[in-house]
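One structure is given here, and the rest of the page talks about it.
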Amino acid sequence: DIDHTLEVGGFAATKFVDSFLFRFKIRKGIVGGHDGLVVDAAGTALLFRYGRLSTSVSANATWVGERYADTYFSVTPEQSLASGLPVYDAPRGMRDIGGSFNAYINIGKRWSLNPYVSYSYIFDDFAQTPIIALYGDRNQYRAGFHLMREFNLKWR
């Protein structure tokens, strides 16, 4: 079992022509489950906006440091004895790439519903961990939604 992790980090984003957004995030675990580094990059394109509905597609990639990789993908000799899984030492590197389709539906003042579907492809070094190779799949599919409430903090 891996404990919850408190991470700190930052991000930068830029928008082009009101239809394209590029984001770069970097974060590091400082308390709990991992103390590794994670770097995410993503690009989003607005497909259309009509009334209360807008849709977009995104592409993303994630790089992880060795400490993160060890926590989530490696199997130590002690873990191998306890679980029967073979020992595996995951390296740092590109963990995955993926894409998503997102919708944003304004359902009221400051409220929106955001359904999405996404796909991620886990690269070889991480897909070869016995955890995924024996019990998982390098192809990761997700679907869900977020219910969002906007807050406006006025500093005067």
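How things are named: the first chain in the structure tokens is A, the next is B, and so on; residues count from 1 in each chain; ligands count from 1 in the order shown.
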Excluding Phe151 (chain A) and any residue of its chain fewer than 5 positions from it, enumerate the residues within 12 Å of it, using only C-alpha atoms, and give them as a PDB file with N, CA and C atoms, in the first residue's frame.
ATOM      1  N   LYS A 109     -25.582  29.759 -12.568  1.00  0.00           N
ATOM      2  CA  LYS A 109     -24.614  30.798 -12.250  1.00  0.00           C
ATOM      3  C   LYS A 109     -23.464  30.191 -11.445  1.00  0.00           C
ATOM      4  N   ARG A 110     -22.267  30.232 -12.014  1.00  0.00           N
ATOM      5  CA  ARG A 110     -21.034  29.737 -11.385  1.00  0.00           C
ATOM      6  C   ARG A 110     -20.946  28.214 -11.277  1.00  0.00           C
ATOM      7  N   TRP A 111     -21.858  27.471 -11.855  1.00  0.00           N
ATOM      8  CA  TRP A 111     -21.824  26.013 -11.808  1.00  0.00           C
ATOM      9  C   TRP A 111     -21.651  25.450 -13.214  1.00  0.00           C
TER      10      TRP A 111
END
Exercise. Check chain A with DSSP on the backbone and list each residue it calls alpha helix (DSSP H), as a list in words.
Key: Glu66, Arg67, Tyr68, Ala69, Asp70, Thr71, Tyr72, Phe73, Pro77, Glu78, Gln79, Ser80, Leu81, Ala82, Ser83, Asp124, Asp125, Phe126, Ala127, Pro130, Ile131, Ile132, Ala133, Leu134 and Tyr135 of chain A
With C-alpha atoms kept, could you save the residues just selected as a compact mmCIF listing (two decimals), in the first residue's frame?
# COMPACT_ATOMS: atom_id res chain seq x y z
CA GLU A 66 13.20 7.82 -10.35
CA ARG A 67 11.75 8.17 -6.83
CA TYR A 68 8.22 8.43 -8.21
CA ALA A 69 8.87 5.47 -10.55
CA ASP A 70 10.26 3.39 -7.66
CA THR A 71 7.22 4.09 -5.49
CA TYR A 72 4.55 3.26 -8.07
CA PHE A 73 6.21 0.86 -10.53
CA PRO A 77 13.13 -7.86 -3.17
CA GLU A 78 11.10 -7.57 0.06
CA GLN A 79 7.90 -6.82 -1.87
CA SER A 80 8.70 -9.70 -4.21
CA LEU A 81 8.93 -12.16 -1.31
CA ALA A 82 5.66 -10.92 0.16
CA SER A 83 3.71 -10.83 -3.12
CA ASP A 124 7.48 0.14 -22.12
CA ASP A 125 9.65 0.82 -19.06
CA PHE A 126 6.52 1.36 -16.98
CA ALA A 127 4.23 -1.16 -18.71
CA PRO A 130 4.90 -6.90 -13.09
CA ILE A 131 2.11 -4.87 -11.52
CA ILE A 132 0.89 -3.83 -14.98
CA ALA A 133 2.25 -6.72 -17.08
CA LEU A 134 0.53 -9.37 -14.93
CA TYR A 135 -2.52 -7.57 -13.55
Exercise. Tell me which protein, DNA and RNA residues are within 10 Å of Val8 (chain A), counting only C-alpha atoms, leaving out same-chain ones fewer than 3 positions away, and put them as a ChimeraX atom specification.
Key: /A:5,26-31,37
Practice problem: For Ser112 (chain A), work out the shell of residues within 10 Å, counting only C-alpha atoms and skipping chain neighbours fewer than 5 positions away, then give it as a list of chain:residue names. | Solution: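 Here the answer would be A:Arg52, A:Leu53, A:Ala103, A:Tyr104, A:Ile105, A:Asn106, A:Ile107, A:His146, A:Leu147, A:Met148, A:Arg149, A:Glu150.
When only C-alpha atoms are used to measure the gap to Ile97 (chain A), the shortest distance among A:Ser74, A:Thr62, A:Asn114, A:Gln128 belongs to A:Thr62.
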Quiz item: When you draw a straight line from CA of Asp3 (chain A) to CA of Ala90 (chain A), how long is it in Å?
Solution: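 Here the two named atoms are 19.1 Å from each other.
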Practice problem: Identify, with DSSP run on backbone atoms, the residues in chain A assigned to strand (DSSP E or B), and express the list as an NGL selection string. | Solution: :A and (5-16 or 20-32 or 37-50 or 53-64 or 75 or 88 or 93-108 or 111-122 or 139-149)
Exercise. Figure out the distance between CA of Ala59 (chain A) and CA of Ala42 (chain A), please, to one decimal in Å.
Key: 5.6 Å
Within 12 Å of Val39 (chain A), counting only C-alpha atoms, which residues qualify if same-chain residues fewer than 5 places away don't, as an mmCIF file with C-alpha atoms, in the first residue's frame?
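Saved file out.cif follows:
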data_model
loop_
_atom_site.group_PDB
_atom_site.id
_atom_site.type_symbol
_atom_site.label_atom_id
_atom_site.label_comp_id
_atom_site.auth_asym_id
_atom_site.auth_seq_id
_atom_site.Cartn_x
_atom_site.Cartn_y
_atom_site.Cartn_z
ATOM 1 C CA VAL A 8 4.078 21.063 -4.098
ATOM 2 C CA GLY A 9 4.697 22.537 -7.493
ATOM 3 C CA GLY A 10 3.841 25.123 -10.046
ATOM 4 C CA PHE A 11 2.522 25.555 -13.531
ATOM 5 C CA ALA A 12 2.652 27.837 -16.520
ATOM 6 C CA ARG A 23 0.120 23.924 -19.987
ATOM 7 C CA PHE A 24 3.278 22.805 -18.229
ATOM 8 C CA LYS A 25 3.165 21.545 -14.619
ATOM 9 C CA ILE A 26 5.931 20.383 -12.323
ATOM 10 C CA ARG A 27 5.344 18.932 -8.873
ATOM 11 C CA LYS A 28 7.264 17.054 -6.185
ATOM 12 C CA GLY A 29 6.021 14.807 -3.418
ATOM 13 C CA ASN A 60 -0.785 15.213 -22.821
ATOM 14 C CA ALA A 61 2.499 13.596 -21.802
ATOM 15 C CA THR A 62 3.990 12.814 -18.384
ATOM 16 C CA TRP A 63 7.618 12.383 -17.326
ATOM 17 C CA VAL A 64 8.400 10.975 -13.857
ATOM 18 C CA GLY A 65 11.552 10.926 -11.758
ATOM 19 C CA TYR A 68 8.217 8.428 -8.207
ATOM 20 C CA ARG A 92 12.809 7.533 -14.571
ATOM 21 C CA GLY A 93 11.480 8.709 -17.917
ATOM 22 C CA MET A 94 8.407 9.254 -20.037
ATOM 23 C CA ARG A 95 5.570 7.436 -18.287
ATOM 24 C CA ASP A 96 2.718 7.985 -20.714
#
Quiz prompt | Shortest interatomic distance to Gly33 (chain A) - which of A:Asp1, A:Phe145, A:Tyr88, A:Lys154, counting only C-alpha atoms | solution =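 Once distances to Gly33 (chain A) are computed over only C-alpha atoms, the minimum belongs to A:Asp1.
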Practice problem: Quote the spacing between CA of Gln140 (chain A) and CA of Thr14 (chain A) in Å to one decimal place. | Solution: 27.8 Å
Quiz item: Taking into account only C-alpha atoms, which residue in the set A:Pro91, A:Trp155, A:Thr129, A:Val17 is nearest to Val75 (chain A)?
Solution: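 Distance minimum relative to Val75 (chain A) lands on A:Thr129.
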